[in-house]
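What follows is input.cif (mmCIF, C-alpha atoms).
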```cif
data_upload
#
loop_
_atom_site.group_PDB
_atom_site.id
_atom_site.type_symbol
_atom_site.label_atom_id
_atom_site.label_comp_id
_atom_site.auth_asym_id
_atom_site.auth_seq_id
_atom_site.Cartn_x
_atom_site.Cartn_y
_atom_site.Cartn_z
ATOM 1 C CA MET A 1 13.399 6.535 -7.279
ATOM 2 C CA ASN A 2 10.720 5.434 -9.718
ATOM 3 C CA ALA A 3 7.735 3.124 -10.040
ATOM 4 C CA THR A 4 9.851 0.260 -11.391
ATOM 5 C CA THR A 5 11.870 0.231 -8.177
ATOM 6 C CA CYS A 6 8.651 0.180 -6.157
ATOM 7 C CA PHE A 7 7.088 -2.686 -8.087
ATOM 8 C CA THR A 8 10.296 -4.739 -7.992
ATOM 9 C CA ILE A 9 10.280 -4.543 -4.196
ATOM 10 C CA PHE A 10 6.522 -5.073 -3.898
ATOM 11 C CA ASP A 11 6.626 -8.157 -6.127
ATOM 12 C CA THR A 12 9.494 -9.559 -4.051
ATOM 13 C CA VAL A 13 7.529 -9.035 -0.837
ATOM 14 C CA ILE A 14 4.365 -10.619 -2.230
ATOM 15 C CA ASP A 15 6.279 -13.643 -3.555
ATOM 16 C CA THR A 16 8.124 -13.982 -0.240
ATOM 17 C CA TYR A 17 4.882 -13.840 1.743
ATOM 18 C CA HIS A 18 3.294 -16.541 -0.398
ATOM 19 C CA ILE A 19 6.091 -19.001 0.342
ATOM 20 C CA THR A 20 4.372 -19.614 3.691
ATOM 21 C CA ASP A 21 1.059 -17.796 3.042
ATOM 22 C CA ASP A 22 0.832 -17.211 6.787
ATOM 23 C CA VAL A 23 -0.368 -13.921 8.324
ATOM 24 C CA ASP A 24 1.783 -14.681 11.383
ATOM 25 C CA ALA A 25 5.008 -15.239 9.442
ATOM 26 C CA PRO A 26 7.747 -12.825 10.549
ATOM 27 C CA MET A 27 8.877 -10.122 8.152
ATOM 28 C CA LYS A 28 12.495 -10.611 7.109
ATOM 29 C CA ASN A 29 13.534 -7.199 5.853
ATOM 30 C CA THR A 30 17.274 -6.707 5.480
ATOM 31 C CA ARG A 31 16.996 -3.653 3.241
ATOM 32 C CA GLU A 32 17.842 -0.155 4.385
ATOM 33 C CA GLY A 33 16.781 3.358 3.421
ATOM 34 C CA ILE A 34 13.863 3.809 1.062
ATOM 35 C CA GLU A 35 14.020 0.174 -0.091
ATOM 36 C CA GLY A 36 13.628 -0.966 3.509
ATOM 37 C CA LEU A 37 10.668 1.370 3.996
ATOM 38 C CA LEU A 38 9.023 0.146 0.785
ATOM 39 C CA PHE A 39 9.572 -3.477 1.786
ATOM 40 C CA HIS A 40 8.055 -2.870 5.237
ATOM 41 C CA LYS A 41 5.093 -0.987 3.738
ATOM 42 C CA SER A 42 4.381 -3.793 1.287
ATOM 43 C CA TRP A 43 4.639 -6.433 4.021
ATOM 44 C CA ILE A 44 2.028 -4.581 6.098
ATOM 45 C CA ASP A 45 -0.270 -4.373 3.064
ATOM 46 C CA THR A 46 0.229 -8.015 2.113
ATOM 47 C CA VAL A 47 -0.532 -9.358 5.579
ATOM 48 C CA GLN A 48 -3.546 -7.069 5.873
ATOM 49 C CA TRP A 49 -4.839 -8.209 2.464
ATOM 50 C CA HIS A 50 -4.961 -11.767 3.784
ATOM 51 C CA LEU A 51 -6.461 -10.756 7.137
ATOM 52 C CA GLU A 52 -9.245 -9.064 5.158
ATOM 53 C CA ASP A 53 -9.834 -12.368 3.320
ATOM 54 C CA ILE A 54 -9.910 -14.360 6.560
ATOM 55 C CA ILE A 55 -12.381 -12.083 8.322
ATOM 56 C CA ARG A 56 -14.868 -12.467 5.474
ATOM 57 C CA ASP A 57 -15.301 -16.180 6.138
ATOM 58 C CA PRO A 58 -19.061 -16.438 6.866
ATOM 59 C CA TYR A 59 -18.387 -19.284 9.320
ATOM 60 C CA ILE A 60 -15.645 -17.549 11.304
ATOM 61 C CA ASN A 61 -15.899 -17.755 15.062
ATOM 62 C CA PRO A 62 -17.108 -14.312 16.300
ATOM 63 C CA ASP A 63 -14.393 -14.158 18.964
ATOM 64 C CA GLU A 64 -11.736 -14.862 16.328
ATOM 65 C CA ALA A 65 -13.310 -12.265 14.035
ATOM 66 C CA LEU A 66 -13.039 -9.612 16.740
ATOM 67 C CA VAL A 67 -9.369 -10.422 17.289
ATOM 68 C CA ILE A 68 -8.730 -10.127 13.541
ATOM 69 C CA LYS A 69 -10.730 -6.885 13.319
ATOM 70 C CA ARG A 70 -8.562 -5.374 16.060
ATOM 71 C CA ARG A 71 -5.489 -6.595 14.207
ATOM 72 C CA ILE A 72 -6.704 -4.971 10.981
ATOM 73 C CA ASP A 73 -7.304 -1.713 12.868
ATOM 74 C CA ALA A 74 -3.744 -1.802 14.205
ATOM 75 C CA SER A 75 -2.449 -2.657 10.739
ATOM 76 C CA ASN A 76 -4.248 0.356 9.249
ATOM 77 C CA GLN A 77 -2.485 2.588 11.769
ATOM 78 C CA ASP A 78 0.868 0.917 10.969
ATOM 79 C CA ARG A 79 0.173 1.473 7.264
ATOM 80 C CA THR A 80 -0.502 5.184 7.804
ATOM 81 C CA ASP A 81 2.588 5.545 10.001
ATOM 82 C CA MET A 82 4.706 3.873 7.319
ATOM 83 C CA VAL A 83 3.329 6.176 4.605
ATOM 84 C CA GLU A 84 4.340 9.148 6.741
ATOM 85 C CA LYS A 85 7.855 7.720 7.159
ATOM 86 C CA ILE A 86 8.099 7.319 3.380
ATOM 87 C CA ASP A 87 6.954 10.921 2.922
ATOM 88 C CA ASP A 88 9.645 11.999 5.391
ATOM 89 C CA TRP A 89 12.157 10.186 3.178
ATOM 90 C CA PHE A 90 10.844 11.981 0.081
ATOM 91 C CA TRP A 91 10.946 15.333 1.891
ATOM 92 C CA ASN A 92 14.645 14.789 2.586
ATOM 93 C CA TYR A 93 15.247 13.361 -0.904
ATOM 94 C CA PHE A 94 13.857 16.442 -2.608
ATOM 95 C CA GLY A 95 15.534 18.827 -0.167
ATOM 96 C CA ALA A 96 16.107 22.274 -1.636
ATOM 97 C CA LYS A 97 14.597 21.164 -4.965
ATOM 98 C CA ASN A 98 11.183 21.149 -3.267
ATOM 99 C CA ASP A 99 10.346 24.696 -4.330
ATOM 100 C CA LEU A 100 7.246 25.727 -2.384
ATOM 101 C CA SER A 101 7.005 28.920 -4.440
ATOM 102 C CA CYS A 102 6.473 27.166 -7.802
ATOM 103 C CA GLY A 103 2.715 27.311 -7.283
ATOM 104 C CA LYS A 104 1.760 23.770 -8.331
ATOM 105 C CA ILE A 105 0.930 21.004 -5.903
ATOM 106 C CA ASN A 106 -0.205 17.420 -6.418
ATOM 107 C CA THR A 107 -3.466 16.062 -5.011
ATOM 108 C CA GLU A 108 -1.528 13.556 -2.918
ATOM 109 C CA SER A 109 1.989 13.207 -1.589
ATOM 110 C CA PRO A 110 4.489 10.802 -3.198
ATOM 111 C CA ALA A 111 4.099 8.279 -0.379
ATOM 112 C CA TRP A 112 0.335 8.085 -0.829
ATOM 113 C CA VAL A 113 0.971 7.286 -4.497
ATOM 114 C CA VAL A 114 3.362 4.585 -3.275
ATOM 115 C CA ASP A 115 0.508 3.291 -1.113
ATOM 116 C CA ARG A 116 -1.693 2.992 -4.196
ATOM 117 C CA LEU A 117 1.107 1.240 -6.112
ATOM 118 C CA SER A 118 1.546 -1.268 -3.277
ATOM 119 C CA ILE A 119 -2.150 -2.150 -3.190
ATOM 120 C CA LEU A 120 -2.197 -2.341 -6.985
ATOM 121 C CA ALA A 121 0.657 -4.879 -6.907
ATOM 122 C CA LEU A 122 -1.463 -7.039 -4.588
ATOM 123 C CA LYS A 123 -4.517 -6.738 -6.826
ATOM 124 C CA ILE A 124 -2.486 -7.789 -9.856
ATOM 125 C CA TYR A 125 -0.940 -10.774 -8.052
ATOM 126 C CA HIS A 126 -4.264 -12.057 -6.790
ATOM 127 C CA MET A 127 -6.117 -11.416 -10.039
ATOM 128 C CA GLN A 128 -3.394 -13.346 -11.885
ATOM 129 C CA GLU A 129 -3.949 -16.115 -9.345
ATOM 130 C CA GLN A 130 -7.616 -16.175 -10.400
ATOM 131 C CA VAL A 131 -6.652 -16.309 -14.071
ATOM 132 C CA ASN A 132 -4.444 -19.320 -13.325
ATOM 133 C CA ARG A 133 -7.121 -21.285 -11.445
ATOM 134 C CA THR A 134 -7.835 -24.724 -12.869
ATOM 135 C CA ASP A 135 -11.058 -25.252 -10.905
ATOM 136 C CA SER A 136 -13.058 -22.397 -12.477
ATOM 137 C CA ASP A 137 -15.133 -22.234 -15.629
ATOM 138 C CA ALA A 138 -14.454 -20.301 -18.835
ATOM 139 C CA ALA A 139 -16.810 -17.459 -17.885
ATOM 140 C CA HIS A 140 -14.897 -16.844 -14.659
ATOM 141 C CA LYS A 141 -11.582 -16.929 -16.482
ATOM 142 C CA GLU A 142 -12.785 -14.451 -19.113
ATOM 143 C CA LYS A 143 -14.103 -12.084 -16.427
ATOM 144 C CA VAL A 144 -10.868 -12.097 -14.416
ATOM 145 C CA GLU A 145 -8.707 -11.757 -17.527
ATOM 146 C CA GLN A 146 -10.613 -8.568 -18.380
ATOM 147 C CA LYS A 147 -10.111 -7.273 -14.837
ATOM 148 C CA LEU A 148 -6.415 -8.127 -14.965
ATOM 149 C CA SER A 149 -6.107 -6.209 -18.227
ATOM 150 C CA VAL A 150 -7.606 -3.126 -16.572
ATOM 151 C CA LEU A 151 -5.264 -3.496 -13.585
ATOM 152 C CA MET A 152 -2.256 -3.715 -15.907
ATOM 153 C CA GLU A 153 -3.368 -0.556 -17.690
ATOM 154 C CA GLN A 154 -3.796 1.124 -14.323
ATOM 155 C CA LYS A 155 -0.281 0.010 -13.351
ATOM 156 C CA GLU A 156 1.115 1.624 -16.492
ATOM 157 C CA ASP A 157 -0.809 4.879 -15.953
ATOM 158 C CA LEU A 158 -0.156 5.176 -12.214
ATOM 159 C CA SER A 159 3.530 4.354 -12.720
ATOM 160 C CA LEU A 160 3.793 7.113 -15.313
ATOM 161 C CA ALA A 161 1.993 9.581 -13.048
ATOM 162 C CA PHE A 162 4.272 8.701 -10.118
ATOM 163 C CA ASN A 163 7.424 9.055 -12.221
ATOM 164 C CA GLN A 164 6.172 12.380 -13.569
ATOM 165 C CA LEU A 165 5.451 13.617 -10.047
ATOM 166 C CA ILE A 166 8.974 12.767 -8.892
ATOM 167 C CA ASP A 167 10.461 14.484 -11.971
ATOM 168 C CA ASP A 168 8.198 17.521 -11.547
ATOM 169 C CA VAL A 169 9.274 18.069 -7.947
ATOM 170 C CA MET A 170 12.944 17.502 -8.805
ATOM 171 C CA GLU A 171 12.697 20.030 -11.656
ATOM 172 C CA GLY A 172 10.726 22.599 -9.631
ATOM 173 C CA ARG A 173 7.486 22.278 -11.616
ATOM 174 C CA LYS A 174 5.554 21.045 -8.552
ATOM 175 C CA TYR A 175 6.163 21.055 -4.847
ATOM 176 C CA MET A 176 5.566 18.449 -2.191
ATOM 177 C CA LYS A 177 3.499 19.226 0.867
ATOM 178 C CA VAL A 178 2.692 16.758 3.625
ATOM 179 C CA TYR A 179 -0.377 16.656 5.829
ATOM 180 C CA ARG A 180 -0.321 14.139 8.660
ATOM 181 C CA GLN A 181 -3.387 11.927 8.643
ATOM 182 C CA MET A 182 -4.482 12.714 12.212
ATOM 183 C CA LYS A 183 -6.693 9.653 12.466
ATOM 184 C CA MET A 184 -9.118 10.394 15.260
ATOM 185 C CA TYR A 185 -10.587 6.970 15.978
ATOM 186 C CA ASN A 186 -7.298 5.591 17.368
ATOM 187 C CA ASP A 187 -6.663 8.601 19.609
ATOM 188 C CA GLU A 188 -8.031 8.202 23.137
ATOM 189 C CA SER A 189 -8.320 11.974 23.483
ATOM 190 C CA LEU A 190 -10.280 12.439 20.214
ATOM 191 C CA ASN A 191 -12.575 9.398 19.942
ATOM 192 C CA PRO A 192 -15.637 10.025 22.156
ATOM 193 C CA VAL A 193 -16.233 6.301 22.651
ATOM 194 C CA LEU A 194 -12.771 6.103 24.231
ATOM 195 C CA TYR A 195 -12.530 9.345 26.184
ATOM 196 C CA LYS A 196 -16.025 9.044 27.683
ATOM 197 C CA LYS A 197 -15.196 5.666 29.253
#
```
Have the structure of the file written as structure tokens, please.
Amino acid sequence: MNATTCFTIFDTVIDTYHITDDVDAPMKNTREGIEGLLFHKSWIDTVQWHLEDIIRDPYINPDEALVIKRRIDASNQDRTDMVEKIDDWFWNYFGAKNDLSCGKINTESPAWVVDRLSILALKIYHMQEQVNRTDSDAAHKEKVEQKLSVLMEQKEDLSLAFNQLIDDVMEGRKYMKVYRQMKMYNDESLNPVLYKK
């Protein structure tokens, strides 16, 4: 498991989505294990990326906007649930090599790094799309090329950090610990707007 594997799957998902470019297109995920989880995670992120674009239309019908907002809320919960499933996979992957006594922990779990990699893949794809536009001026192209360069540097750095984290846990230099997100706003017993109704 490494960043290259992640980006290969993420790029496949993003390319597959853009064949139809439809937020209602069904996900066709035939992969299993961690590759299936990564594919599913990236599909959630890709659809949500485009829902976020749609909802920002200043002329959107307010009723439609509310439906999309609710869909984005549900997608955020699905995204968190998928990250936790990926962390469960990592927990089992590391097994006995996850030495809790080594004394060093990372600021985030492996799956939350995967989350960042997935979003980064989307940023790169869509910034490259801006670079390739034929209807924009030279100033726009120069600006987005600079941004794409930064994103590519970030991809290199975050990939290295992810690979190092995996190696560090496997070699007992760090340990993995998982905290569930416990999102309160979706829980009818924790959100006062919901439980006071």
Query raised in the report: Which residue, A:Thr5, A:Thr46, A:Ser136, A:Thr107, has the smallest gap to A:Val23 when you use all atoms listed in the file?
Result: A:Thr46
Could you work out an axis-aligned box for stretch 51-63 of chain A, taking every atom the file lists and adding 8 Å on each side, and report centre and edge lengths in Å to one decimal, as AutoDock Vina command-line options?
```
--center_x -12.8 --center_y -14.2 --center_z 11.1 --size_x 28.6 --size_y 26.2 --size_z 31.6
```
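With distances taken over all atoms listed in the file, A:Met1 is the one residue among A:Met1, A:Asp22, A:Asn61, A:Leu38 lying closest to A:Tyr93.
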Report task. Take the point (5.1, -7.1, 5.3) as written in the file and pick out every residue within 9 Å of it, counting only C-alpha atoms; give the list as a list in words. Result -> Val13, Ile14, Tyr17, Pro26, Met27, Lys28, Asn29, Phe39, His40, Lys41, Ser42, Trp43, Ile44, Asp45, Thr46, Val47 and Gln48 of chain A
Requested in this report: Would you work out the distance separating atom CA of A:Glu84 from atom CA of A:Glu153, expressed in Å to one decimal?
Outcome: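 We find that atom CA of A:Glu84 and atom CA of A:Glu153 lie 27.4 Å from each other.
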Report summary line: Using only C-alpha atoms, the residue out of A:Phe162, A:Trp91, A:Trp49, A:Trp112 with shortest distance to A:Lys177 is A:Trp91
Query raised in the report: Restricting the calculation to all atoms listed in the file, which member of A:Lys97, A:Lys197, A:Arg70, A:His126 is positioned closest to A:Gly172?
Result: A:Lys97
Query raised in the report: Just how far from atom CA of A:Ser159 is atom CA of A:Thr4, in Å to one decimal?
Result: 7.6 Å
Query raised in the report: Which polymer residues have any atom within 7 Å of an atom of stretch 145-148 of chain A, counting only C-alpha atoms, with same-chain residues fewer than 6 positions away left out, as a PyMOL selection string?
Result: chain A and resi 124+127-128+131
Run the PyMOL selection byres ((chain A and resi 104) around 8) against the file shown and list the residues it catches, as a compact mmCIF listing (two decimals) with C-alpha atoms, keeping the file's coordinate frame.
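So expr_34.txt came out as:
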```txt
# COMPACT_ATOMS: atom_id res chain seq x y z
CA CYS A 102 6.47 27.17 -7.80
CA GLY A 103 2.72 27.31 -7.28
CA ILE A 105 0.93 21.00 -5.90
CA ASN A 106 -0.20 17.42 -6.42
CA ARG A 173 7.49 22.28 -11.62
CA LYS A 174 5.55 21.04 -8.55
CA TYR A 175 6.16 21.06 -4.85
```
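Straight-line separation from atom CA of A:Leu120 to atom CA of A:Gln154: 8.3 Å.
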Report task. Could you expand the PyMOL selection byres ((chain A and resi 96) around 12) into the explicit residues it covers here, written as a VMD selection string? Result -> chain A and resid 90 to 95 97 to 101 169 to 172 175 to 176
A:Tyr125 environment, 9 Å, all atoms listed in the file, sequence neighbours closer than 4 positions dropped, as a short mmCIF file (atom, residue, chain, number, x, y, z; two decimals) with C-alpha atoms, in the frame of the given file:
```cif
data_model
loop_
_atom_site.label_atom_id
_atom_site.label_comp_id
_atom_site.auth_asym_id
_atom_site.auth_seq_id
_atom_site.Cartn_x
_atom_site.Cartn_y
_atom_site.Cartn_z
CA ASP A 11 6.63 -8.16 -6.13
CA ILE A 14 4.36 -10.62 -2.23
CA ASP A 15 6.28 -13.64 -3.56
CA LEU A 120 -2.20 -2.34 -6.98
CA ALA A 121 0.66 -4.88 -6.91
CA GLU A 129 -3.95 -16.11 -9.35
CA GLN A 130 -7.62 -16.18 -10.40
#
```
Query raised in the report: Exactly which residues make up the result of the PyMOL selection byres ((chain A and resi 81) around 12) on this file, given as JSON, numbers by chain?
Result: {"A": [37, 40, 41, 44, 74, 75, 76, 77, 78, 79, 80, 82, 83, 84, 85, 86, 87, 88, 111, 112, 115, 180, 181, 182, 183]}
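Among A:Ala138, A:Leu160, A:Leu151, A:Ala3, the residue with the shortest atom-to-atom distance to A:Leu122, counting all atoms listed in the file, is A:Leu151.
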Query raised in the report: Which residue out of A:Glu64, A:Asp167, A:Asp24, A:Asp73 has the minimum interatomic distance to A:Asn2 when only C-alpha atoms are used?
Result: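 Checking each candidate against A:Asn2, we get A:Asp167 as the closest.
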Just add N, CA and C atoms to stretch 83-99 of chain A and send it as a PDB file, in the coordinates of the input.
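Resulting contents of selection_26.pdb:
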```pdb
ATOM      1  N   VAL A  83       3.452   5.186   5.684  1.00  0.00           N
ATOM      2  CA  VAL A  83       3.329   6.176   4.605  1.00  0.00           C
ATOM      3  C   VAL A  83       3.978   7.490   5.038  1.00  0.00           C
ATOM      4  N   GLU A  84       3.760   7.894   6.264  1.00  0.00           N
ATOM      5  CA  GLU A  84       4.340   9.148   6.741  1.00  0.00           C
ATOM      6  C   GLU A  84       5.868   9.065   6.821  1.00  0.00           C
ATOM      7  N   LYS A  85       6.395   7.897   7.164  1.00  0.00           N
ATOM      8  CA  LYS A  85       7.855   7.720   7.159  1.00  0.00           C
ATOM      9  C   LYS A  85       8.403   7.814   5.730  1.00  0.00           C
ATOM     10  N   ILE A  86       7.663   7.245   4.780  1.00  0.00           N
ATOM     11  CA  ILE A  86       8.099   7.319   3.380  1.00  0.00           C
ATOM     12  C   ILE A  86       8.037   8.762   2.894  1.00  0.00           C
ATOM     13  N   ASP A  87       7.004   9.497   3.290  1.00  0.00           N
ATOM     14  CA  ASP A  87       6.954  10.921   2.922  1.00  0.00           C
ATOM     15  C   ASP A  87       8.098  11.700   3.559  1.00  0.00           C
ATOM     16  N   ASP A  88       8.476  11.357   4.769  1.00  0.00           N
ATOM     17  CA  ASP A  88       9.645  11.999   5.391  1.00  0.00           C
ATOM     18  C   ASP A  88      10.888  11.741   4.543  1.00  0.00           C
ATOM     19  N   TRP A  89      11.011  10.503   4.036  1.00  0.00           N
ATOM     20  CA  TRP A  89      12.157  10.186   3.178  1.00  0.00           C
ATOM     21  C   TRP A  89      12.119  11.051   1.929  1.00  0.00           C
ATOM     22  N   PHE A  90      10.961  11.155   1.284  1.00  0.00           N
ATOM     23  CA  PHE A  90      10.844  11.981   0.081  1.00  0.00           C
ATOM     24  C   PHE A  90      11.153  13.446   0.384  1.00  0.00           C
ATOM     25  N   TRP A  91      10.684  13.939   1.508  1.00  0.00           N
ATOM     26  CA  TRP A  91      10.946  15.333   1.891  1.00  0.00           C
ATOM     27  C   TRP A  91      12.454  15.594   1.924  1.00  0.00           C
ATOM     28  N   ASN A  92      13.188  14.655   2.530  1.00  0.00           N
ATOM     29  CA  ASN A  92      14.645  14.789   2.586  1.00  0.00           C
ATOM     30  C   ASN A  92      15.284  14.568   1.219  1.00  0.00           C
ATOM     31  N   TYR A  93      14.738  13.667   0.434  1.00  0.00           N
ATOM     32  CA  TYR A  93      15.247  13.361  -0.904  1.00  0.00           C
ATOM     33  C   TYR A  93      15.164  14.587  -1.813  1.00  0.00           C
ATOM     34  N   PHE A  94      14.024  15.261  -1.765  1.00  0.00           N
ATOM     35  CA  PHE A  94      13.857  16.442  -2.608  1.00  0.00           C
ATOM     36  C   PHE A  94      14.665  17.622  -2.088  1.00  0.00           C
ATOM     37  N   GLY A  95      14.744  17.761  -0.771  1.00  0.00           N
ATOM     38  CA  GLY A  95      15.534  18.827  -0.167  1.00  0.00           C
ATOM     39  C   GLY A  95      15.216  20.191  -0.750  1.00  0.00           C
ATOM     40  N   ALA A  96      16.252  20.910  -1.122  1.00  0.00           N
ATOM     41  CA  ALA A  96      16.107  22.274  -1.636  1.00  0.00           C
ATOM     42  C   ALA A  96      15.383  22.314  -2.979  1.00  0.00           C
ATOM     43  N   LYS A  97      15.300  21.181  -3.668  1.00  0.00           N
ATOM     44  CA  LYS A  97      14.597  21.164  -4.965  1.00  0.00           C
ATOM     45  C   LYS A  97      13.079  21.255  -4.782  1.00  0.00           C
ATOM     46  N   ASN A  98      12.617  21.054  -3.553  1.00  0.00           N
ATOM     47  CA  ASN A  98      11.183  21.149  -3.267  1.00  0.00           C
ATOM     48  C   ASN A  98      10.818  22.628  -3.132  1.00  0.00           C
ATOM     49  N   ASP A  99      10.567  23.246  -4.263  1.00  0.00           N
ATOM     50  CA  ASP A  99      10.346  24.696  -4.330  1.00  0.00           C
ATOM     51  C   ASP A  99       8.885  25.027  -4.043  1.00  0.00           C
TER      52      ASP A  99
END
```
